[in-house]
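S.K.: First the structure, then my questions, so here it is.
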Amino acid sequence: MIPQTFDYTAPSTLDQALGLIAQGAKPLAGGMSLIPMMKLRLASPEHLVDIGRLPELRYIRDDAGVLRLGAGCTHYEVETSPLLRGKCPLLSETAARIGDVQVRNMGTIGGSVAHADPAADYPAALLALEAQIVLRGAKSQRTVAASGFFLDTFATALEPGEIVSEIIVPVEDAGAGTSYQKMAQPASGFALVGVAARLRRSGGTIVLARLGVTGLAPHAYRAASAEKALEGTPGTAADIQMAASRIAEGVEANADLHASADYRRHLAAVSAARAITAALARTA
Amino acid sequence: MATTITKTKTLIGKAIRRREDPRLITGTATYVEDIKMPGMHYAVVVRSPHAAARIRSIDTSKAASRPGVVAVFTGRDVSNVGPVPCGASLPGLRVPHHTILATDRVYYAGHPVAVVVATDRYIAADAADDVEIDWEVLKAVADPVKALEPGAPAVHPEWPDNKAFDFHQEHGDVEKAFAEADVIVKQRILSQRLIPTPMETRGVVAEWRAADRALNLYSSTQIPHLLRSMVAQMLGLEENRLRVVAPEVGGGFGCKLNVYAEEALMGFVAMKINKPVKWIETRRENYLATIHGRGHVDDYELAATRDGIITGIKLRIIQDLGAYHQLLTPAIPTLSVLMMPGLYRTQNICADIVGVFTNCVPTDAYRGAGRPEATHGIERMVDILAAELKMDPAEIRLKNFVQPSEFPFPTATGLIYDSGDYAAPLRKALDIVDYQNLRREQAEARKQGRLMGIGMSTYGEICAFGPSPATPAGGWESATVKIEPSGKVTVLTGASPHGQGEETTFAQIAADELGVDIDDVLVVHGDTALVQYGIGTFGSRATAVGGTAVYFALQDLKAKIKKFGALLLNSDDVTLANGQCIDNKTGASKSVQEIAAASYRAMQLPPNTEPGMVSTHFWEPPNFTFPFGAHLVVTEIDRDTGAVKVLRYVAVDDCGNILNPLIVTGQVHGGVAQGIGQALYEQAVYDENGQLITGELMDYAVPKAHMMPWIESDHTVTPTPVNPLGVKGVGEAGTIGCSPAVVNSVVDALSPLGVRHIDMPMTPEKIWKLIRSAQ
Ligand SMILES: Cc1cc2nc3c(=O)[nH]c(=O)nc-3n(C[C@H](O)[C@H](O)[C@H](O)COP(=O)(O)OP(=O)(O)OC[C@H]3O[C@@H](n4cnc5c(N)ncnc54)[C@H](O)[C@@H]3O)c2cc1C
């Protein structure tokens, strides 16, 4: 497990880091995905720029109705942040389900999002939250909706020279209820399937349903037809089953050693029903 | 003055904390990887990416020219090194010639082909990628059942049927038993291939001292002395010029009870380059090139009477051997045959093994080695029989057990069970869970549509390997006990413990026998230059055989202490107790320390007595020991996902006398963890081209702490008459008792759906499919 030779720079400012990245250096954050790939020689970057230590990327703040997270926040920080737990509990709940303690202490939300593993947990939650992802280059900055960010397996809207610098999630109002339900692959801890549900109810009717799904398809997606099936209903058991049965509609399911496509589709429906039920119970 | 002295045992039986743990849990222990030497070089082994291929040519020039590379060796260079040894022999066994590096053909993915040696491990790794091999890829076969089919690719072209051996054993009148049976049940039962996965992978440091003509070999091994004998032979080096050290060994579980190509290869490299060389196995190499365990396809048939008496057992084992025989590969399934009757009385058995070559890494001993397979088989079959007869699984077991009055009990497979009360742990386990009540709870749960299961296994195992005639390299163990002039006690054990806790238990034995403080006792092991020849730690033998050797060495030593004590006290009637030699008439006494000092000063020697206070004992056991127990598991299955939740795990183990309950419980916990791994999670998967798909920890599911249930561990105590300590062994019990109990529980949970058997690992998807097909 020995990587090929590489250079390593740990700049002290984000600008320095972006300058090096613009010249082709590869960002290193928590290293929980990149280092194993380098050890297996599946990735052999020549120059690593350590952005995992930049204080500029490490904040969680309430900013006029939205929450802004620096890309360098570790999963542990997201899991335990009182601000997030209070105002965007779905993200904390999701972070808590990632890997193990060591991984959560090292891995970062920016790294996970940029890596875009089809079985990563965050993407499901970010889609359900309709999060915005801020991308920065040495001379550029733009904001992309989560729904336009995850393009394919390990493929995102990031352009060369850009990094994920910030994640923006909404402050949940009291009427919202959320839940993340995951069936873990026993060896890695990644999601065989994970479903994040975010619901709002008004006068006994579900007025908003957002369902993010990971693990099932080549990339995380929002289950639009399941959302539609749920909105406008009172959320009875039958409504939930109906919506859950549409969770995998139009999706080509992944299959591997750990789960067949059929089983993943089934798990998606089960997880969706559970996530919707739990989220509904949490709505005011 | 009259003194009454009662011999007090103060430490045996106490939960003394493991004396080896502080260095282990503070990260200060010395493993092979921690050894650093001036001028050390690093080796990387180049391995075959193919499961079967011919090597047309190897070009090492690019690798050799990389700055920092000092040597590249291929199969041709090591042609004088002897083959990797197989210690097992069976009639008609086909033994492939197993060179330490492949020459013209490779037989499994991971097969070593070349070694690159450099001044730095990073350079060596880069240079390994530079070795260019021209392959002619051949068809491979990775499935032992397919390997037996006509027209299957031949693993070794000289043996196109892929058979390494056929083995047959029978006893009693099996045909009659089956002809007269009221009921016969049959089932194919798999014990899947498993990867042992010690935390520490293998590693070797070799240092050649040319001026002394001495080779020092540091290896993460369970058997330093046997390794020394065999590597010396492979290298053509005099045995007394090779020193093997097993420093801290971070888990073995049987996979380091072996002699590997890399061990001889590093010796060869060090002698060639005249510099110390280090090789540390990566996890990927560990998965590809260190032995795997299990790999059974078993066809069972049980004959029984209507009231549940088992009258005969037939078993056919297809053993996946892999491409070669490692040290004990072909012997492992024969242990399954030995234990095939389990704890039951039947005298009619018939067993066949076919050993099959596949293009996979060899299988060999993995915690339990042959006994988990046997226990899994018989314990599943007994449940299948109980279901067929609509009998309670506890009741059918109680009906068939060998009875306490029948010991020593000769089994149908030629063993003599030493002692036991097989019903006792089962009854205890049933009491712990309040069995009748639990069954009522289950009936309630079923009414609500819940899938709750109760499963048990009553296992027996063969331990304390073993009498020498039954083992390939001697089954005795050795101990030296020395009292140093200062009175400190040193125990040198030939068993090479590596995490099992004998640094503590052997010190307990010595401290109690000599009446000294446990902190005055040091247990030394794992270095052939310090310790007399020994066999090693495996087969739950270290305490039962090695501990007994310590015990007998201590008896010798005590006799000597008494001789010197009597001389010093000028008495002919002395007693040794509590660290004092006491004159029974006057009550005057001398301490063991004073006596030891006098024995070295040797101003005066008792008649026929040597100076000094050292005793060595090689102990040959008269029999194996046979621990037993009952594991009971309560599970509930998530109908929607198929996930199994273990609600209760009760382990009642009888390992004879318990020297240290803390250590025994720890062994049970670890064993159960590996049993649960097999039952629910783990499986080595090769694809049809012989590529290992579960080649990393990201894909091979070793259970982690959060996947483990709470284990309720309890015991019954039936001492063995085989050794004076009365200990049987507990290192493998947890693994052996576990998997059938878990599977029986899950099958019980699913029995309302008509499920009768499930093969391991019982993944949620497998169970979901069973539930779905029943609906
Ligand atoms: C044992 C184990 C179990 C795991 N289990 C899970 C799990 O259950 N669920 C889950 O979701 N994940 C899991 N992971 C992955 C983990 O969450 C990683 O932390 C995450 O995928 C990557 O984050 P990182 O900060 O470690 O990124 P790194 O490994 O440092 O980088 C990953 C990739 O992203 C790039 N990168 C990093 N930061 C940025 C950035 N800000 N902008 C642009 N590119 C960037 C890097 O160049 C690299 O290509 C597991 C990992 C391990 C080792």
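Chain lettering (A, B, ...) mirrors the order of the structure tokens, residue numbering begins at 1 for each chain separately, and ligand numbering begins at 1 in order of display.
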Just want the residues within 6 Å of ligand 1, written as number ranges by chain, counting only C-alpha atoms and all ligand atoms.

M.R.: A: 26-34, 71, 98-99, 103, 107-108, 110-112, 114-115, 120-122, 163-165, 188-191

S.K.: Could you build a table of the residues in chain A lying no more than 8 Å from chain B, giving for each the nearest pair of atoms and their separation in Å rounded to one decimal place, using only C-alpha atoms, ordered by chain and ascending residue number, as a Markdown table?

M.R.:
| residue | atom | partner | partner_atom | distance |
| --- | --- | --- | --- | --- |
| A:Met1 | CA | B:Thr282 | CA | 5.5 |
| A:Ile2 | CA | B:Tyr122 | CA | 6.6 |
| A:Pro3 | CA | B:Tyr122 | CA | 7.7 |
| A:Gln4 | CA | B:Asp126 | CA | 6.6 |
| A:Thr5 | CA | B:Tyr122 | CA | 7.7 |
| A:Pro186 | CA | B:Ala701 | CA | 5.6 |
| A:Ala187 | CA | B:Ala701 | CA | 3.9 |
| A:Ser188 | CA | B:Met698 | CA | 4.5 |
| A:Leu257 | CA | B:Ile693 | CA | 8.0 |
| A:Ala259 | CA | B:Glu765 | CA | 6.8 |
| A:Tyr263 | CA | B:Glu765 | CA | 6.5 |
| A:Leu267 | CA | B:Thr641 | CA | 6.5 |
| A:Val270 | CA | B:Asp640 | CA | 6.7 |

S.K.: Those selected residues, please, written with N, CA, C and O atoms and delivered as a PDB file, in the first residue's frame.

M.R.:
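Written file, out-v5.pdb:
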ATOM      1  N   MET A   1       0.848  -1.185   0.000  1.00  0.00           N
ATOM      2  CA  MET A   1       0.000   0.000   0.000  1.00  0.00           C
ATOM      3  C   MET A   1       0.882   1.232   0.000  1.00  0.00           C
ATOM      4  O   MET A   1       0.883   2.016   0.944  1.00  0.00           O
ATOM      5  N   ILE A   2       1.655   1.388  -1.038  1.00  0.00           N
ATOM      6  CA  ILE A   2       2.601   2.495  -1.077  1.00  0.00           C
ATOM      7  C   ILE A   2       2.316   3.336  -2.311  1.00  0.00           C
ATOM      8  O   ILE A   2       2.363   2.835  -3.428  1.00  0.00           O
ATOM      9  N   PRO A   3       1.985   4.627  -2.106  1.00  0.00           N
ATOM     10  CA  PRO A   3       1.658   5.467  -3.264  1.00  0.00           C
ATOM     11  C   PRO A   3       2.903   5.822  -4.069  1.00  0.00           C
ATOM     12  O   PRO A   3       4.031   5.638  -3.603  1.00  0.00           O
ATOM     13  N   GLN A   4       2.654   6.341  -5.274  1.00  0.00           N
ATOM     14  CA  GLN A   4       3.774   6.841  -6.059  1.00  0.00           C
ATOM     15  C   GLN A   4       4.243   8.171  -5.471  1.00  0.00           C
ATOM     16  O   GLN A   4       3.550   8.788  -4.669  1.00  0.00           O
ATOM     17  N   THR A   5       5.403   8.584  -5.893  1.00  0.00           N
ATOM     18  CA  THR A   5       5.983   9.830  -5.387  1.00  0.00           C
ATOM     19  C   THR A   5       5.074  11.017  -5.696  1.00  0.00           C
ATOM     20  O   THR A   5       4.499  11.076  -6.780  1.00  0.00           O
ATOM     21  N   PRO A 186     -21.711  -3.675   4.818  1.00  0.00           N
ATOM     22  CA  PRO A 186     -21.088  -4.021   6.104  1.00  0.00           C
ATOM     23  C   PRO A 186     -19.569  -3.840   6.138  1.00  0.00           C
ATOM     24  O   PRO A 186     -19.011  -3.609   7.208  1.00  0.00           O
ATOM     25  N   ALA A 187     -18.897  -3.945   5.017  1.00  0.00           N
ATOM     26  CA  ALA A 187     -17.443  -3.814   5.051  1.00  0.00           C
ATOM     27  C   ALA A 187     -17.028  -2.349   5.112  1.00  0.00           C
ATOM     28  O   ALA A 187     -16.225  -1.955   5.949  1.00  0.00           O
ATOM     29  N   SER A 188     -17.554  -1.526   4.243  1.00  0.00           N
ATOM     30  CA  SER A 188     -17.075  -0.144   4.124  1.00  0.00           C
ATOM     31  C   SER A 188     -17.867   0.832   4.963  1.00  0.00           C
ATOM     32  O   SER A 188     -17.360   1.871   5.350  1.00  0.00           O
ATOM     33  N   LEU A 257     -21.108  -6.747  -5.755  1.00  0.00           N
ATOM     34  CA  LEU A 257     -20.925  -7.854  -4.826  1.00  0.00           C
ATOM     35  C   LEU A 257     -21.877  -7.767  -3.634  1.00  0.00           C
ATOM     36  O   LEU A 257     -22.343  -8.774  -3.124  1.00  0.00           O
ATOM     37  N   ALA A 259     -24.880  -6.027  -3.218  1.00  0.00           N
ATOM     38  CA  ALA A 259     -26.335  -5.988  -3.384  1.00  0.00           C
ATOM     39  C   ALA A 259     -26.677  -5.987  -4.868  1.00  0.00           C
ATOM     40  O   ALA A 259     -26.060  -5.262  -5.657  1.00  0.00           O
ATOM     41  N   TYR A 263     -32.443  -5.918  -5.205  1.00  0.00           N
ATOM     42  CA  TYR A 263     -32.430  -5.715  -3.758  1.00  0.00           C
ATOM     43  C   TYR A 263     -32.244  -4.236  -3.433  1.00  0.00           C
ATOM     44  O   TYR A 263     -32.876  -3.706  -2.534  1.00  0.00           O
ATOM     45  N   LEU A 267     -34.636  -2.010  -1.264  1.00  0.00           N
ATOM     46  CA  LEU A 267     -34.164  -1.267  -0.089  1.00  0.00           C
ATOM     47  C   LEU A 267     -34.500   0.208  -0.191  1.00  0.00           C
ATOM     48  O   LEU A 267     -34.793   0.865   0.809  1.00  0.00           O
ATOM     49  N   VAL A 270     -38.004   0.610   0.863  1.00  0.00           N
ATOM     50  CA  VAL A 270     -38.122   0.441   2.318  1.00  0.00           C
ATOM     51  C   VAL A 270     -37.556   1.667   3.035  1.00  0.00           C
ATOM     52  O   VAL A 270     -38.179   2.224   3.946  1.00  0.00           O
TER      53      VAL A 270
END

S.K.: List the spatial neighbours of region 655-660 of chain B as a ChimeraX atom specification - criterion: any atom at most 9 Å away, only C-alpha atoms, same-chain residues fewer than 3 positions off excluded.

M.R.: /B:11-17,420,504-505,508-509,626-629,663-665,715-720,725-730,733

S.K.: Find the spatial neighbours of Ser92 (chain A), counting only C-alpha atoms, within a cut-off of 6 Å - ignore same-chain residues fewer than 3 positions away - and output them as number ranges by chain.

M.R.: A: 78-79, 85, 89, 95

S.K.: For the residues selected in the previous step, produce a file with all heavy atoms as a PDB file, in the first residue's frame.

M.R.:
ATOM      1  N   VAL A  78     -19.860  18.484  11.598  1.00  0.00           N
ATOM      2  CA  VAL A  78     -21.230  18.602  11.085  1.00  0.00           C
ATOM      3  C   VAL A  78     -22.190  17.819  11.986  1.00  0.00           C
ATOM      4  O   VAL A  78     -23.276  18.268  12.307  1.00  0.00           O
ATOM      5  CB  VAL A  78     -21.302  18.097   9.624  1.00  0.00           C
ATOM      6  CG1 VAL A  78     -22.749  18.096   9.129  1.00  0.00           C
ATOM      7  CG2 VAL A  78     -20.421  18.947   8.719  1.00  0.00           C
ATOM      8  N   GLU A  79     -21.731  16.647  12.406  1.00  0.00           N
ATOM      9  CA  GLU A  79     -22.555  15.789  13.262  1.00  0.00           C
ATOM     10  C   GLU A  79     -22.885  16.483  14.590  1.00  0.00           C
ATOM     11  O   GLU A  79     -23.994  16.368  15.091  1.00  0.00           O
ATOM     12  CB  GLU A  79     -21.769  14.487  13.522  1.00  0.00           C
ATOM     13  CG  GLU A  79     -22.424  13.509  14.471  1.00  0.00           C
ATOM     14  CD  GLU A  79     -21.506  12.320  14.789  1.00  0.00           C
ATOM     15  OE1 GLU A  79     -20.439  12.180  14.147  1.00  0.00           O
ATOM     16  OE2 GLU A  79     -21.855  11.541  15.678  1.00  0.00           O
ATOM     17  N   ARG A  85     -27.608  21.077  14.403  1.00  0.00           N
ATOM     18  CA  ARG A  85     -28.572  20.186  15.065  1.00  0.00           C
ATOM     19  C   ARG A  85     -29.895  20.889  15.309  1.00  0.00           C
ATOM     20  O   ARG A  85     -30.961  20.290  15.212  1.00  0.00           O
ATOM     21  CB  ARG A  85     -28.006  19.673  16.383  1.00  0.00           C
ATOM     22  CG  ARG A  85     -26.934  18.642  16.154  1.00  0.00           C
ATOM     23  CD  ARG A  85     -26.591  17.925  17.439  1.00  0.00           C
ATOM     24  NE  ARG A  85     -25.841  16.722  17.115  1.00  0.00           N
ATOM     25  CZ  ARG A  85     -25.575  15.769  17.979  1.00  0.00           C
ATOM     26  NH1 ARG A  85     -25.987  15.866  19.226  1.00  0.00           N
ATOM     27  NH2 ARG A  85     -24.901  14.711  17.603  1.00  0.00           N
ATOM     28  N   PRO A  89     -31.181  19.742  11.168  1.00  0.00           N
ATOM     29  CA  PRO A  89     -30.796  18.455  11.779  1.00  0.00           C
ATOM     30  C   PRO A  89     -30.533  17.347  10.752  1.00  0.00           C
ATOM     31  O   PRO A  89     -29.787  16.419  11.042  1.00  0.00           O
ATOM     32  CB  PRO A  89     -31.994  18.114  12.672  1.00  0.00           C
ATOM     33  CG  PRO A  89     -33.118  18.974  12.212  1.00  0.00           C
ATOM     34  CD  PRO A  89     -32.511  20.197  11.603  1.00  0.00           C
ATOM     35  N   ALA A  95     -24.437  13.083   8.692  1.00  0.00           N
ATOM     36  CA  ALA A  95     -23.007  13.003   9.010  1.00  0.00           C
ATOM     37  C   ALA A  95     -22.738  11.900  10.022  1.00  0.00           C
ATOM     38  O   ALA A  95     -21.731  11.192   9.941  1.00  0.00           O
ATOM     39  CB  ALA A  95     -22.522  14.344   9.539  1.00  0.00           C
TER      40      ALA A  95
END

S.K.: I want to know what sits within 6 Å of region 356-363 of chain B, based on only C-alpha atoms, with residues of the same chain fewer than 5 positions away left out; could you give that as a PyMOL selection string?

M.R.: chain B and resi 51+107-108+140-142+144+162-164+289+291-293+319-324+329

S.K.: As an exercise, work out the distance from CA of Leu215 (chain B) to CA of Arg243 (chain B) in Å and give it to one decimal place.

M.R.: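 Separation of CA of Leu215 (chain B) and CA of Arg243 (chain B): 6.3 Å.
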
S.K.: Got a sec: who's within 8 Å of Ala248 (chain A), counting only C-alpha atoms, leaving out chain neighbours fewer than 5 positions off, as a ChimeraX atom specification?

M.R.: /A:216,223,253,265,268-269

S.K.: Output the selection as a PDB file, in the first residue's frame - N, CA and C atoms for each residue.

M.R.:
ATOM      1  N   LEU A 216     -28.235   4.034  -4.936  1.00  0.00           N
ATOM      2  CA  LEU A 216     -29.041   3.238  -5.865  1.00  0.00           C
ATOM      3  C   LEU A 216     -28.572   3.384  -7.309  1.00  0.00           C
ATOM      4  N   ALA A 223     -35.917  12.078  -6.112  1.00  0.00           N
ATOM      5  CA  ALA A 223     -36.961  11.197  -6.644  1.00  0.00           C
ATOM      6  C   ALA A 223     -38.222  12.013  -6.893  1.00  0.00           C
ATOM      7  N   ALA A 253     -30.582   0.818 -11.553  1.00  0.00           N
ATOM      8  CA  ALA A 253     -30.009   0.547 -10.233  1.00  0.00           C
ATOM      9  C   ALA A 253     -28.626  -0.084 -10.349  1.00  0.00           C
ATOM     10  N   ARG A 265     -33.186  -1.711  -5.253  1.00  0.00           N
ATOM     11  CA  ARG A 265     -34.457  -1.029  -5.525  1.00  0.00           C
ATOM     12  C   ARG A 265     -35.438  -1.247  -4.369  1.00  0.00           C
ATOM     13  N   ALA A 268     -34.432   0.722  -1.421  1.00  0.00           N
ATOM     14  CA  ALA A 268     -34.732   2.142  -1.614  1.00  0.00           C
ATOM     15  C   ALA A 268     -36.178   2.410  -1.210  1.00  0.00           C
ATOM     16  N   ALA A 269     -37.069   1.515  -1.609  1.00  0.00           N
ATOM     17  CA  ALA A 269     -38.486   1.704  -1.260  1.00  0.00           C
ATOM     18  C   ALA A 269     -38.677   1.597   0.252  1.00  0.00           C
TER      19      ALA A 269
END

S.K.: Can you tell me which residues surround Ala176 (chain A) at a distance of at most 6 Å, considering only C-alpha atoms, apart from same-chain residues fewer than 4 positions away, and format the answer as a compact mmCIF listing (two decimals) with N, CA, C and O atoms, in the first residue's frame?

M.R.:
# COMPACT_ATOMS: atom_id res chain seq x y z
N LEU A 199 -39.83 17.03 4.69
CA LEU A 199 -41.26 17.25 4.47
C LEU A 199 -41.74 18.48 5.23
O LEU A 199 -41.18 18.84 6.26
N ARG A 200 -42.78 19.10 4.67
CA ARG A 200 -43.45 20.16 5.42
C ARG A 200 -44.94 19.87 5.33
O ARG A 200 -45.46 19.49 4.28
N THR A 283 -42.58 16.46 11.83
CA THR A 283 -43.18 17.74 11.44
C THR A 283 -44.08 18.22 12.57
O THR A 283 -44.65 17.40 13.30

S.K.: Using DSSP on the backbone coordinates, identify all residues within region 74-137 of chain A classified as strand (DSSP E); present the result as a count of residues only.

M.R.: 5

S.K.: Could you tell me how far CA of Lys560 (chain B) lies from CA of Ala495 (chain B), in Å and to one decimal?

M.R.: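 Taking CA of Lys560 (chain B) as the start and CA of Ala495 (chain B) as the end point, the length is 24.5 Å.
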
S.K.: Apply DSSP to the backbone of this structure and, from region 531-613 of chain B, keep only the residues in helix (DSSP H, G or I); write these as a PyMOL selection string.

M.R.: chain B and resi 542-569+592-601

S.K.: Which residue gives the smallest distance to Val433 (chain B) among B:Ala464, B:Ile273, B:Leu632, B:Leu265, with only C-alpha atoms counted?

M.R.: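 Smallest distance to Val433 (chain B) is found for B:Leu632.
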
S.K.: Please, what distance in Å, to one decimal, runs between CA of Ala596 (chain B) and CA of Ile561 (chain B)?

M.R.: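 One can read the CA of Ala596 (chain B) to CA of Ile561 (chain B) distance as 7.3 Å.
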
S.K.: In terms of the shortest atom-to-atom distance over only C-alpha atoms, which of B:Val746, B:Leu662, B:Leu90, B:Val402 is closest to Met456 (chain B)?

M.R.: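 Of all the options, B:Val746 lies closest to Met456 (chain B).
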
S.K.: So which one's closest to Asp173 (chain A), A:His75, A:Arg198, A:Arg104, A:Arg68? Using only C-alpha atoms, please.

M.R.: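 Result for the nearest residue to Asp173 (chain A): A:Arg198.
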
S.K.: With only C-alpha atoms as the basis for distance, which of A:Ile51, A:Ile247, A:Leu90, A:Leu83 is at the shortest distance from Ala279 (chain A)?

M.R.: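 Of A:Ile51, A:Ile247, A:Leu90, A:Leu83, the one nearest Ala279 (chain A), counting only C-alpha atoms, is A:Leu90.
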